[in-house]
$ cat query-v8.json   # JSON, C-alpha atoms
[["chain", "number", "residue", "atom", "x", "y", "z"],
["A", 147, "MET", "CA", 20.58, 10.07, -12.14],
["A", 148, "LYS", "CA", 17.41, 11.79, -13.39],
["A", 149, "THR", "CA", 16.80, 15.49, -12.93],
["A", 150, "ASP", "CA", 13.51, 16.54, -11.31],
["A", 151, "THR", "CA", 12.27, 17.65, -14.74],
["A", 152, "GLN", "CA", 13.05, 14.26, -16.28],
["A", 153, "LEU", "CA", 11.41, 12.47, -13.36],
["A", 154, "ARG", "CA", 8.28, 14.62, -13.64],
["A", 155, "ASN", "CA", 8.04, 13.85, -17.36],
["A", 156, "ASP", "CA", 8.38, 10.12, -16.66],
["A", 157, "VAL", "CA", 5.67, 10.25, -13.98],
["A", 158, "LEU", "CA", 3.30, 12.12, -16.30],
["A", 159, "ALA", "CA", 3.98, 9.62, -19.08],
["A", 160, "GLU", "CA", 3.24, 6.67, -16.76],
["A", 161, "LEU", "CA", -0.02, 8.25, -15.57],
["A", 162, "GLU", "CA", -1.09, 8.83, -19.18],
["A", 163, "TRP", "CA", -0.14, 5.24, -20.06],
["A", 164, "ASP", "CA", -2.43, 3.71, -17.39],
["A", 165, "PRO", "CA", -5.98, 3.45, -18.82],
["A", 166, "SER", "CA", -7.55, 3.41, -15.34],
["A", 167, "ILE", "CA", -6.29, 6.97, -14.65],
["A", 168, "ASN", "CA", -7.53, 10.33, -15.92],
["A", 169, "ALA", "CA", -4.09, 11.96, -15.97],
["A", 170, "THR", "CA", -5.51, 15.39, -16.80],
["A", 171, "ARG", "CA", -6.88, 15.59, -13.25],
["A", 172, "VAL", "CA", -3.58, 14.87, -11.52],
["A", 173, "GLY", "CA", -1.04, 17.60, -10.83],
["A", 174, "VAL", "CA", 2.59, 16.49, -10.54],
["A", 175, "ALA", "CA", 5.50, 18.37, -8.94],
["A", 176, "VAL", "CA", 8.94, 16.94, -8.15],
["A", 177, "ASN", "CA", 11.54, 18.19, -5.69],
["A", 178, "ASP", "CA", 14.76, 16.23, -5.17],
["A", 179, "GLY", "CA", 13.12, 12.96, -6.18],
["A", 180, "VAL", "CA", 10.01, 13.44, -4.01],
["A", 181, "VAL", "CA", 6.81, 13.46, -6.06],
["A", 182, "LEU", "CA", 3.87, 15.64, -4.95],
["A", 183, "LEU", "CA", 0.50, 14.64, -6.39],
["A", 184, "THR", "CA", -2.44, 17.03, -6.24],
["A", 185, "GLY", "CA", -5.92, 17.15, -7.73],
["A", 186, "GLN", "CA", -9.41, 15.71, -7.37],
["A", 187, "LEU", "CA", -10.53, 12.25, -8.51],
["A", 188, "ASP", "CA", -13.89, 10.53, -8.90],
["A", 189, "THR", "CA", -13.11, 7.30, -7.03],
["A", 190, "PHE", "CA", -10.83, 5.95, -4.32],
["A", 191, "GLY", "CA", -9.84, 3.10, -6.64],
["A", 192, "GLU", "CA", -8.39, 5.61, -9.11],
["A", 193, "LYS", "CA", -6.41, 7.25, -6.30],
["A", 194, "GLN", "CA", -4.82, 3.89, -5.52],
["A", 195, "SER", "CA", -4.03, 3.36, -9.21],
["A", 196, "VAL", "CA", -2.26, 6.73, -9.33],
["A", 197, "GLU", "CA", -0.06, 5.83, -6.36],
["A", 198, "LYS", "CA", 0.87, 2.44, -7.86],
["A", 199, "ALA", "CA", 1.69, 4.03, -11.22],
["A", 200, "VAL", "CA", 4.08, 6.53, -9.64],
["A", 201, "GLN", "CA", 5.76, 3.78, -7.60],
["A", 202, "ARG", "CA", 6.63, 2.02, -10.84],
["A", 203, "VAL", "CA", 8.74, 4.94, -12.07],
["A", 204, "ALA", "CA", 12.47, 4.54, -11.49],
["A", 205, "GLY", "CA", 14.08, 7.39, -9.54],
["A", 206, "VAL", "CA", 11.07, 8.22, -7.33],
["A", 207, "LYS", "CA", 12.29, 8.43, -3.73],
["A", 208, "ALA", "CA", 8.98, 9.20, -2.03],
["A", 209, "ILE", "CA", 5.40, 10.22, -2.80],
["A", 210, "ALA", "CA", 3.31, 12.93, -1.13],
["A", 211, "MET", "CA", -0.38, 12.28, -1.80],
["A", 212, "GLU", "CA", -2.58, 15.38, -1.72],
["A", 213, "LEU", "CA", -5.24, 13.91, -4.00],
["A", 214, "ASP", "CA", -8.85, 14.30, -2.89],
["A", 215, "VAL", "CA", -11.72, 11.98, -3.77],
["A", 216, "LYS", "CA", -15.00, 13.67, -4.63],
["A", 217, "LEU", "CA", -17.49, 11.08, -5.80],
["A", 218, "ALA", "CA", -19.35, 11.74, -9.02],
["A", 219, "PRO", "CA", -23.17, 11.46, -8.59],
["A", 220, "HIS", "CA", -23.32, 8.01, -10.21],
["A", 221, "HIS", "CA", -20.64, 6.73, -7.78],
["A", 222, "GLN", "CA", -22.41, 7.86, -4.61],
["A", 223, "ARG", "CA", -23.85, 5.18, -2.30],
["A", 224, "SER", "CA", -25.26, 5.12, 1.22],
["A", 225, "ASP", "CA", -23.05, 3.87, 4.06],
["A", 226, "ALA", "CA", -25.34, 0.85, 4.46],
["A", 227, "GLU", "CA", -24.99, -0.05, 0.77],
["A", 228, "ILE", "CA", -21.20, 0.27, 0.94],
["A", 229, "ALA", "CA", -21.00, -1.93, 4.07],
["A", 230, "ALA", "CA", -23.23, -4.57, 2.48],
["A", 231, "ALA", "CA", -21.13, -4.60, -0.70],
["A", 232, "ILE", "CA", -17.92, -5.07, 1.32],
["A", 233, "GLU", "CA", -19.41, -7.89, 3.39],
["A", 234, "THR", "CA", -20.48, -9.65, 0.19],
["A", 235, "ALA", "CA", -17.01, -9.20, -1.33],
["A", 236, "PHE", "CA", -15.45, -10.71, 1.80],
["A", 237, "LYS", "CA", -17.73, -13.74, 1.55],
["A", 238, "TRP", "CA", -16.51, -14.48, -1.96],
["A", 239, "HIS", "CA", -12.80, -14.01, -1.23],
["A", 240, "ALA", "CA", -11.14, -17.26, -0.13],
["A", 241, "LEU", "CA", -8.14, -15.48, 1.48],
["A", 242, "ILE", "CA", -10.17, -13.29, 3.86],
["A", 243, "PRO", "CA", -11.45, -14.67, 7.21],
["A", 244, "GLN", "CA", -14.70, -12.72, 7.06],
["A", 245, "ASP", "CA", -15.91, -13.77, 10.52],
["A", 246, "ARG", "CA", -12.86, -12.10, 12.13],
["A", 247, "ILE", "CA", -13.12, -8.69, 10.48],
["A", 248, "GLN", "CA", -15.54, -5.89, 11.35],
["A", 249, "VAL", "CA", -16.56, -3.18, 8.88],
["A", 250, "LYS", "CA", -17.64, 0.35, 9.78],
["A", 251, "VAL", "CA", -18.61, 2.97, 7.20],
["A", 252, "GLU", "CA", -19.09, 6.65, 7.95],
["A", 253, "LYS", "CA", -19.73, 9.10, 5.11],
["A", 254, "GLY", "CA", -18.01, 6.76, 2.68],
["A", 255, "TRP", "CA", -14.92, 6.26, 4.86],
["A", 256, "VAL", "CA", -14.37, 2.59, 5.69],
["A", 257, "THR", "CA", -12.72, 1.41, 8.91],
["A", 258, "LEU", "CA", -11.65, -2.23, 9.16],
["A", 259, "SER", "CA", -10.99, -3.80, 12.57],
["A", 260, "GLY", "CA", -10.49, -7.23, 14.09],
["A", 261, "GLU", "CA", -7.61, -9.71, 14.48],
["A", 262, "VAL", "CA", -6.21, -12.15, 11.90],
["A", 263, "ASP", "CA", -3.24, -14.54, 11.74],
["A", 264, "TRP", "CA", -1.42, -13.24, 8.67],
["A", 265, "GLN", "CA", -0.59, -9.95, 6.98],
["A", 266, "TYR", "CA", -1.82, -11.22, 3.61],
["A", 267, "GLN", "CA", -5.30, -11.56, 5.16],
["A", 268, "ARG", "CA", -5.12, -8.01, 6.50],
["A", 269, "HIS", "CA", -3.80, -6.73, 3.17],
["A", 270, "ASN", "CA", -6.38, -8.54, 1.05],
["A", 271, "ALA", "CA", -9.21, -7.21, 3.18],
["A", 272, "GLU", "CA", -8.11, -3.66, 2.41],
["A", 273, "LEU", "CA", -7.53, -4.36, -1.30],
["A", 274, "VAL", "CA", -11.08, -5.66, -1.64],
["A", 275, "VAL", "CA", -12.44, -2.36, -0.29],
["A", 276, "HIS", "CA", -10.53, -0.08, -2.69],
["A", 277, "PRO", "CA", -12.70, -0.56, -5.81],
["A", 278, "VAL", "CA", -16.07, -0.66, -4.01],
["A", 279, "THR", "CA", -18.31, 2.08, -5.38],
["A", 280, "GLY", "CA", -18.91, 4.90, -2.89],
["A", 281, "VAL", "CA", -15.72, 4.45, -0.87],
["A", 282, "VAL", "CA", -13.71, 7.65, -0.31],
["A", 283, "GLY", "CA", -11.02, 6.28, 2.02],
["A", 284, "VAL", "CA", -9.93, 3.30, 4.12],
["A", 285, "SER", "CA", -8.48, 2.95, 7.63],
["A", 286, "ASN", "CA", -7.09, -0.53, 8.21],
["A", 287, "THR", "CA", -6.84, -1.13, 11.96],
["A", 288, "ILE", "CA", -6.87, -4.94, 11.74],
["A", 289, "THR", "CA", -4.24, -6.40, 14.07],
["A", 290, "LEU", "CA", -2.16, -9.56, 13.78],
["A", 291, "ARG", "CA", -2.00, -12.29, 16.40],
["A", 292, "GLU", "CA", 1.40, -12.42, 18.12],
["A", 293, "ARG", "CA", 3.33, -15.60, 17.42],
["A", 294, "GLU", "CA", 7.04, -16.46, 17.49],
["A", 295, "GLY", "CA", 10.26, -15.02, 19.03],
["A", 296, "SER", "CA", 11.89, -11.86, 17.65],
["A", 297, "GLU", "CA", 15.26, -13.33, 16.62],
["A", 298, "TYR", "CA", 13.61, -16.25, 14.87],
["A", 299, "VAL", "CA", 11.24, -13.94, 12.98],
["A", 300, "ALA", "CA", 14.09, -11.60, 11.94],
["A", 301, "GLN", "CA", 16.05, -14.56, 10.55],
["A", 302, "ARG", "CA", 13.03, -15.85, 8.65],
["A", 303, "ILE", "CA", 12.52, -12.43, 7.05],
["A", 304, "HIS", "CA", 16.16, -12.18, 6.00],
["A", 305, "ASP", "CA", 16.08, -15.74, 4.64],
["A", 306, "ALA", "CA", 13.07, -14.79, 2.53],
["A", 307, "LEU", "CA", 14.83, -11.69, 1.16],
["A", 308, "THR", "CA", 17.86, -13.81, 0.27],
["A", 309, "ARG", "CA", 15.67, -16.24, -1.67],
["A", 310, "TYR", "CA", 14.22, -13.35, -3.68],
["A", 311, "ALA", "CA", 17.50, -11.59, -4.46],
["A", 312, "GLU", "CA", 20.63, -12.67, -2.63],
["A", 313, "GLN", "CA", 22.76, -9.69, -3.69],
["A", 314, "GLN", "CA", 20.21, -7.05, -2.66],
["A", 315, "ALA", "CA", 19.57, -8.82, 0.66],
["A", 316, "LYS", "CA", 23.18, -8.13, 1.67],
["A", 317, "ASN", "CA", 22.33, -4.41, 1.76],
["A", 318, "ILE", "CA", 19.33, -4.84, 4.06],
["A", 319, "GLU", "CA", 19.25, -5.10, 7.84],
["A", 320, "VAL", "CA", 16.22, -6.54, 9.63],
["A", 321, "VAL", "CA", 15.59, -5.81, 13.32],
["A", 322, "VAL", "CA", 12.58, -7.31, 15.09],
["A", 323, "LYS", "CA", 11.36, -6.18, 18.51],
["A", 324, "ALA", "CA", 8.12, -7.69, 19.76],
["A", 325, "ASP", "CA", 5.67, -7.36, 16.83],
["A", 326, "THR", "CA", 7.61, -4.63, 14.96],
["A", 327, "ALA", "CA", 10.13, -5.21, 12.14],
["A", 328, "THR", "CA", 12.50, -2.37, 11.22],
["A", 329, "LEU", "CA", 14.08, -2.44, 7.75],
["A", 330, "ARG", "CA", 17.29, -0.52, 7.06],
["A", 331, "GLY", "CA", 19.59, -0.28, 4.05],
["A", 332, "THR", "CA", 19.35, 0.67, 0.37],
["A", 333, "VAL", "CA", 17.25, -0.50, -2.58],
["A", 334, "ALA", "CA", 17.17, 0.40, -6.26],
["A", 335, "SER", "CA", 13.58, 1.69, -6.50],
["A", 336, "LEU", "CA", 10.34, 2.36, -4.65],
["A", 337, "ALA", "CA", 8.93, -0.84, -6.17],
["A", 338, "GLU", "CA", 11.83, -2.84, -4.69],
["A", 339, "ARG", "CA", 11.33, -1.05, -1.36],
["A", 340, "ASP", "CA", 7.69, -2.15, -1.36],
["A", 341, "ALA", "CA", 8.67, -5.71, -2.34],
["A", 342, "VAL", "CA", 11.03, -5.95, 0.63],
["A", 343, "GLN", "CA", 8.32, -4.60, 2.92],
["A", 344, "ALA", "CA", 5.85, -7.15, 1.54],
["A", 345, "ALA", "CA", 8.33, -9.94, 2.28],
["A", 346, "ALA", "CA", 8.67, -8.72, 5.87],
["A", 347, "TRP", "CA", 4.89, -8.63, 6.27],
["A", 348, "SER", "CA", 4.80, -12.35, 5.42],
["A", 349, "ALA", "CA", 6.56, -13.20, 8.68],
["A", 350, "PRO", "CA", 4.33, -14.59, 11.47],
["A", 351, "GLY", "CA", 3.45, -12.20, 14.28],
["A", 352, "ILE", "CA", 4.57, -8.97, 12.59],
["A", 353, "SER", "CA", 1.90, -6.28, 12.98],
["A", 354, "ARG", "CA", 4.01, -3.16, 12.30],
["A", 355, "ILE", "CA", 6.76, -2.36, 9.80],
["A", 356, "VAL", "CA", 9.17, 0.58, 10.19],
["A", 357, "ASN", "CA", 10.54, 0.97, 6.68],
["A", 358, "GLU", "CA", 13.77, 2.99, 6.78],
["A", 359, "LEU", "CA", 15.03, 1.67, 3.43],
["A", 360, "LYS", "CA", 16.48, 4.38, 1.22],
["A", 361, "VAL", "CA", 16.16, 4.48, -2.55],
["A", 362, "GLN", "CA", 19.51, 4.83, -4.29],
["A", 363, "ALA", "CA", 19.90, 8.09, -6.18]]
$ encode --input "query-v8.json" --output "structure tokens"
Amino acid sequence: MKTDTQLRNDVLAELEWDPSINATRVGVAVNDGVVLLTGQLDTFGEKQSVEKAVQRVAGVKAIAMELDVKLAPHHQRSDAEIAAAIETAFKWHALIPQDRIQVKVEKGWVTLSGEVDWQYQRHNAELVVHPVTGVVGVSNTITLREREGSEYVAQRIHDALTRYAEQQAKNIEVVVKADTATLRGTVASLAERDAVQAAAWSAPGISRIVNELKVQA
């Protein structure tokens, strides 16, 4: 088990390793495996890269993001320009049903709304927005169309987890009520926790995940 000092050093090393991140602008503090990130970045895309980098580090139990985005002058765009860029990106992305998603931009903050059939469509819509110049944040309020019964969906999720890693799936409980899937149990890392959550999102009709999975110390 890593000490907080060792974990902080590993996080700093991973941030410095990622060429898309200016690690000198990110403050890192660790308390009992929980990583606090502070600082000010030039783009929202870089903020997302920081979060992904920290998730890759073994031993991280949770992340507290207190990073602000303050756009550099050459990154600033009008709300109309940002909205137009997002709409164009949606048109060229085969996995996004553009006609079912609405885009609103206010002072660089993007809100996505609408209804789609699958979580991957909802997820891809948000991912496309992250690197768009001028964006300072994203609220994804896209909903998923309700589909099949709870017990059937829960079994399909657990079957998927078993296909990925049979041994780890034995430590995970899946409970589905209406459109919400609750995940309980233990995993080896934050990355594995996210992978399990992604598998659950692939189930039809799930529009909310309650992730209670704990990372093993």
$ atom_distance --input "query-v8.json" --atom1 "CA of Gln314 (chain A)" --atom2 "CA of Met211 (chain A)"
28.3 Å
$ closest_residue --input "query-v8.json" --among "A:Ala346, A:Val282, A:Ile209, A:Ile242" --to "Arg268 (chain A)" --atoms "all atoms listed in the file"
A:Ile242
$ residues_near_point --input "query-v8.json" --point "(-4.9, 7.1, -10.9)" --cutoff "7 Å" --atoms "only C-alpha atoms" --output "NGL selection string"
:A and (161 or 166-168 or 192-197)
$ write_last_selection --input "query-v8.json" --atoms "C-alpha atoms" --output "mmCIF file, in the frame of the given file"
data_model
loop_
_atom_site.group_PDB
_atom_site.id
_atom_site.type_symbol
_atom_site.label_atom_id
_atom_site.label_comp_id
_atom_site.auth_asym_id
_atom_site.auth_seq_id
_atom_site.Cartn_x
_atom_site.Cartn_y
_atom_site.Cartn_z
ATOM 1 C CA LEU A 161 -0.020 8.250 -15.570
ATOM 2 C CA SER A 166 -7.550 3.410 -15.340
ATOM 3 C CA ILE A 167 -6.290 6.970 -14.650
ATOM 4 C CA ASN A 168 -7.530 10.330 -15.920
ATOM 5 C CA GLU A 192 -8.390 5.610 -9.110
ATOM 6 C CA LYS A 193 -6.410 7.250 -6.300
ATOM 7 C CA GLN A 194 -4.820 3.890 -5.520
ATOM 8 C CA SER A 195 -4.030 3.360 -9.210
ATOM 9 C CA VAL A 196 -2.260 6.730 -9.330
ATOM 10 C CA GLU A 197 -0.060 5.830 -6.360
#
$ residues_near_point --input "query-v8.json" --point "(19.1, -6.7, 8.0)" --cutoff "12 Å" --atoms "all atoms listed in the file" --output "ChimeraX atom specification"
/A:297,299-308,314-322,327-332,342,346,357-359
$ write_last_selection --input "query-v8.json" --atoms "C-alpha atoms" --output "CSV table (one decimal), in the coordinates of the input"
chain,number,residue,atom,x,y,z
A,297,GLU,CA,15.3,-13.3,16.6
A,299,VAL,CA,11.2,-13.9,13.0
A,300,ALA,CA,14.1,-11.6,11.9
A,301,GLN,CA,16.0,-14.6,10.6
A,302,ARG,CA,13.0,-15.8,8.6
A,303,ILE,CA,12.5,-12.4,7.0
A,304,HIS,CA,16.2,-12.2,6.0
A,305,ASP,CA,16.1,-15.7,4.6
A,306,ALA,CA,13.1,-14.8,2.5
A,307,LEU,CA,14.8,-11.7,1.2
A,308,THR,CA,17.9,-13.8,0.3
A,314,GLN,CA,20.2,-7.0,-2.7
A,315,ALA,CA,19.6,-8.8,0.7
A,316,LYS,CA,23.2,-8.1,1.7
A,317,ASN,CA,22.3,-4.4,1.8
A,318,ILE,CA,19.3,-4.8,4.1
A,319,GLU,CA,19.2,-5.1,7.8
A,320,VAL,CA,16.2,-6.5,9.6
A,321,VAL,CA,15.6,-5.8,13.3
A,322,VAL,CA,12.6,-7.3,15.1
A,327,ALA,CA,10.1,-5.2,12.1
A,328,THR,CA,12.5,-2.4,11.2
A,329,LEU,CA,14.1,-2.4,7.8
A,330,ARG,CA,17.3,-0.5,7.1
A,331,GLY,CA,19.6,-0.3,4.0
A,332,THR,CA,19.4,0.7,0.4
A,342,VAL,CA,11.0,-6.0,0.6
A,346,ALA,CA,8.7,-8.7,5.9
A,357,ASN,CA,10.5,1.0,6.7
A,358,GLU,CA,13.8,3.0,6.8
A,359,LEU,CA,15.0,1.7,3.4
$ atom_distance --input "query-v8.json" --atom1 "CA of Val172 (chain A)" --atom2 "CA of Leu273 (chain A)"
22.1 Å
$ residues_around --input "query-v8.json" --residues "region 181-186 of chain A" --least-positions-apart "6" --cutoff "10 Å" --atoms "only C-alpha atoms" --output "list of chain:residue names"
A:Asp150, A:Leu153, A:Arg154, A:Val157, A:Ala169, A:Thr170, A:Arg171, A:Val172, A:Gly173, A:Val174, A:Ala175, A:Lys193, A:Val196, A:Glu197, A:Val200, A:Gln201, A:Val206, A:Lys207, A:Ala208, A:Ile209, A:Ala210, A:Met211, A:Glu212, A:Leu213, A:Asp214, A:Val215, A:Lys216, A:Leu217
$ closest_residue --input "query-v8.json" --among "A:Gly205, A:Gly179, A:Gly191, A:Pro165" --to "Ser335 (chain A)" --atoms "all atoms listed in the file"
A:Gly205
$ residues_around --input "query-v8.json" --residues "Trp238 (chain A)" --least-positions-apart "6" --cutoff "12 Å" --atoms "only C-alpha atoms" --output "list in words"
Ala231, Ile232, Gln244, Ala271 and Val274 of chain A
$ atom_distance --input "query-v8.json" --atom1 "CA of Val203 (chain A)" --atom2 "CA of Leu187 (chain A)"
20.9 Å
$ closest_residue --input "query-v8.json" --among "A:Ala349, A:His276, A:Tyr266, A:Ser285" --to "Ala240 (chain A)" --atoms "all atoms listed in the file"
A:Tyr266
$ closest_residue --input "query-v8.json" --among "A:Tyr298, A:Trp163, A:Trp347, A:Phe236" --to "Glu272 (chain A)" --atoms "all atoms listed in the file"
A:Phe236
$ closest_residue --input "query-v8.json" --among "A:Leu158, A:Leu336, A:Ile247, A:Val176" --to "Gln267 (chain A)" --atoms "only C-alpha atoms"
A:Ile247
$ closest_residue --input "query-v8.json" --among "A:Asp263, A:Asp188, A:Asp164, A:Asp178" --to "Pro243 (chain A)" --atoms "only C-alpha atoms"
A:Asp263
$ axis_aligned_box --input "query-v8.json" --around "region 326-342 of chain A" --padding-each-side "6 Å" --output "lines of an AutoDock Vina configuration file"
center_x = 13.6
center_y = -1.8
center_z = 4.2
size_x = 24.0
size_y = 20.3
size_z = 33.5
$ residues_around --input "query-v8.json" --residues "Thr279 (chain A)" --least-positions-apart "4" --cutoff "9 Å" --atoms "all atoms listed in the file" --output "short mmCIF file (atom, residue, chain, number, x, y, z; two decimals) with C-alpha atoms, keeping the file's coordinate frame"
data_model
loop_
_atom_site.label_atom_id
_atom_site.label_comp_id
_atom_site.auth_asym_id
_atom_site.auth_seq_id
_atom_site.Cartn_x
_atom_site.Cartn_y
_atom_site.Cartn_z
CA THR A 189 -13.11 7.30 -7.03
CA PHE A 190 -10.83 5.95 -4.32
CA GLY A 191 -9.84 3.10 -6.64
CA HIS A 221 -20.64 6.73 -7.78
CA GLN A 222 -22.41 7.86 -4.61
CA ARG A 223 -23.85 5.18 -2.30
CA ILE A 228 -21.20 0.27 0.94
CA ALA A 231 -21.13 -4.60 -0.70
CA VAL A 275 -12.44 -2.36 -0.29
#
